[in-house]
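Shown next, in structure tokens, is the structure this report addresses.
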Amino acid sequence: MNRDELAKRIAQDIPYGAYVNLGIGAPTLVADHLDPERDVTLHTENGLLGMGRAAKGDEIDPDLINAGKIPVIAEPGAAYFHHADSFAMMRGGHLDVCVLGAFQVATNGDLANWHTGEPDAIPAVGGAMDLAIGAKQVWVMTDLLTKDGSSKLVEACTYPLTGKGCVSRVYTERAVIAVGPGGASVIELFDTTLDELNELTGLKLEMS
Amino acid sequence: MRTKIVPDVAAALDGIPDGATVLVGGFGLAGQPIALIDGLLEVGTKDLTIVANNAGNGDTGLAALLKAGRVRKVVCSFPRQVDSWVFDELYRAGKIELEVVPQGNLAERIRAGGAGIGGFFSPTGVGTLLAEGKEERVIDGKTYVLESPMKGDVALIGAFKGDRLGNLVYRETSRNFNPVMATAATLTVAQVDQIVEVGDLDPESIVTPALYTDRVVEVGMREWLR
């Protein structure tokens with residue numbers, strides 16, 4: 001399953017009428033697959049509820065951007081607000097779903113996605129920690145493996161944490177996996193067997 | 001007749017001492033009070049602590065202030081960006097201090113500073129490097145960390161329109177940190193594209209009510225609206 005197909009798969013799981021924040025990077029692809037009839041409203045933490053697609057041509061307005069600083073359009077019925085209000089929406093549990101990228105996700109739902117911890121890395125957290133704890137459900141969209149072939153789904157994160165026990169579901173090109181206090185279990189496999197998944201992750205996962 | 005309008009950027013920035021803590025509005029370039037930052041560069045104020053979401057983009061605005069060696073410390077959420085080479089170089093050379101704060105905590109700390117709140121318990125950052133050494137408390141079964149309020153000696157605000165009383169409105173997502181920062185400084189200075197007559201701004205839609213603003217300077221319509 002490629003990234004676009006994965007984005008489509010995630011879009012199918014977003015409930016009717018949900019308020020959703022899509023993290024910077026791959027998660028933004030989910031927006032392209034949302035069925036307009038499902039009335040999903042997108043939030044961007046720099047102060048807009050009712051965010052539309054990327055702006056094109058004459059639509060580009062440097063005052064109207066998303067959290068990735070990409071020009072976007074505002075949908076009819078959109079609202080602007082300041083940063084403290086925007087993060088109150090998040091922290092206050094008013095968003096239904098947040099989809100984030102990850103360096104690592106642990107079977108207990110711990111998330112690491114902000115800092116490699118390397119000595120020369122410049123730490124930059126942005127809204128990652130607020131997003132990680134800021135929706136009723138936090139999902140991760142990621143490749144299962146890093147470029148060097150190690151699993152991003154792990155027993156325990158080795159990178160500095162973004163949030164503890166905050167993720168409930170991990171969407172990868174190989175499988176959808178539920179994570180949390182009760183441990184991890186596989187919801188769905190994509191052209192992969194359970195044995196192959198366990199081989200790749202080094203975990204002993206079972207179907208949920 | 002009461003007016004907070006000042007004739008130019010130099011007058012808007014008059015009296016800002018070396019060593020000041022300066023809250024700077026904006027998210028990337030959106031809402032960044034470029035004219036005021038450029039003015040600060042011209043005035044020569046140094047040893048500044050800058051509180052902003054980012055640590056400068058490209059070579060202009062905040063980045064230029066950093067490049068000129070006027071900034072001792074940056075408090076921000078997201079210093080590292082594709083175009084943050086000025087900050088990156090200073091940081092790697094050990095020439096600038098950095099305090100990284102999660103974006104929502106940064107906004108709320110400034111809000112608390114302006115609202116007279118002595119601190120608050122936030123769930124953001126619990127169990128992470130950025131909460132190390134901070135007091136934790138379990139409230140109704142959930143763990144929070146104690147965050148302190150943040151204030152500035154000066155706030156530099158990038159607004160869209162303002163009046164002589166100091167009422168301000170913003171434009172689209174260039175609002176971002178600006179209205180929060182406007183509440184939390186001893187001296188709040190706003191640049192506006194356009195000064196309008198008192199009564200022209202709809203009272204239902206004013207985002208920053210006049211009492212927060214100390215000085216207003218008109219800088220001309222932003223390029224893409226001319």
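As shown in the structure tokens, the chain order sets the letters A, B, ...; within each chain, residues go from 1, and ligands are also counted from 1 in the order they appear.
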Using only C-alpha atoms, find which residues of chain A lie within 6 Å of chain B and jot them down as a PDB file with C-alpha atoms, in the first residue's frame.
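Output (out_28.pdb):
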ATOM      1  CA  ASN A  46      -2.148  28.533  13.748  1.00  0.00           C
ATOM      2  CA  GLY A  47      -5.712  29.738  14.130  1.00  0.00           C
ATOM      3  CA  ASP A  63      -1.863  35.784   5.563  1.00  0.00           C
ATOM      4  CA  LEU A  64      -3.773  32.536   5.083  1.00  0.00           C
ATOM      5  CA  HIS A  82      -5.649  33.440  18.171  1.00  0.00           C
ATOM      6  CA  HIS A  83      -3.086  30.914  19.322  1.00  0.00           C
ATOM      7  CA  ALA A  84      -4.228  30.589  22.930  1.00  0.00           C
ATOM      8  CA  PHE A  87      -4.563  25.369  21.619  1.00  0.00           C
ATOM      9  CA  ALA A 124      12.167  22.182  17.796  1.00  0.00           C
ATOM     10  CA  VAL A 125       8.873  20.994  19.210  1.00  0.00           C
ATOM     11  CA  GLY A 126       6.317  23.319  17.625  1.00  0.00           C
ATOM     12  CA  GLY A 127       2.838  22.059  18.441  1.00  0.00           C
ATOM     13  CA  MET A 129       3.439  17.873  22.286  1.00  0.00           C
ATOM     14  CA  ASP A 130       0.144  19.778  22.378  1.00  0.00           C
ATOM     15  CA  LEU A 161       9.069  11.277  24.075  1.00  0.00           C
TER      16      LEU A 161
END
Report task. Assign secondary structure with DSSP using the backbone only, and return the residues of chain A in strand (DSSP E) as a PyMOL selection string. Result -> chain A and resi 19-22+41-44+48-54+72-80+97-100+104-106+111-112+137-141+153-154+169-171+175-178+185-189
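All residues of protein, DNA or RNA that reach within 12 Å of Lys46 of chain B, judged by only C-alpha atoms and not counting those fewer than 3 positions away in the chain, are Ile16, Pro17, Asp18, Gly19, Ala20, Thr21, Val22, Leu40, Leu41, Glu42, Val43, Thr49, Ile50, Leu65, Leu66, Lys67, Ala68, Gly69, Arg70, Val71, Arg72 and Lys73 of chain B.
Within the 12 Å cut-off around Tyr212 of chain B, using only C-alpha atoms and omitting residues fewer than 4 positions from it on the same chain, the listed residues are Lys4, Gly114, Ala115, Val154, Ala155, Ile157, Leu165, Gly166, Asn167, Leu168, Asn178, Pro179, Val180, Met181, Ala182, Thr183, Ala184, Ala185, Thr186, Leu187, Thr188, Val189, Ala190, Val207, Thr208 and Val216 of chain B.
If only C-alpha atoms are the atoms counted, then among A:Leu197, A:Ala11, A:Ile122, A:Leu144 the closest residue to Asp39 of chain A is A:Ala11.
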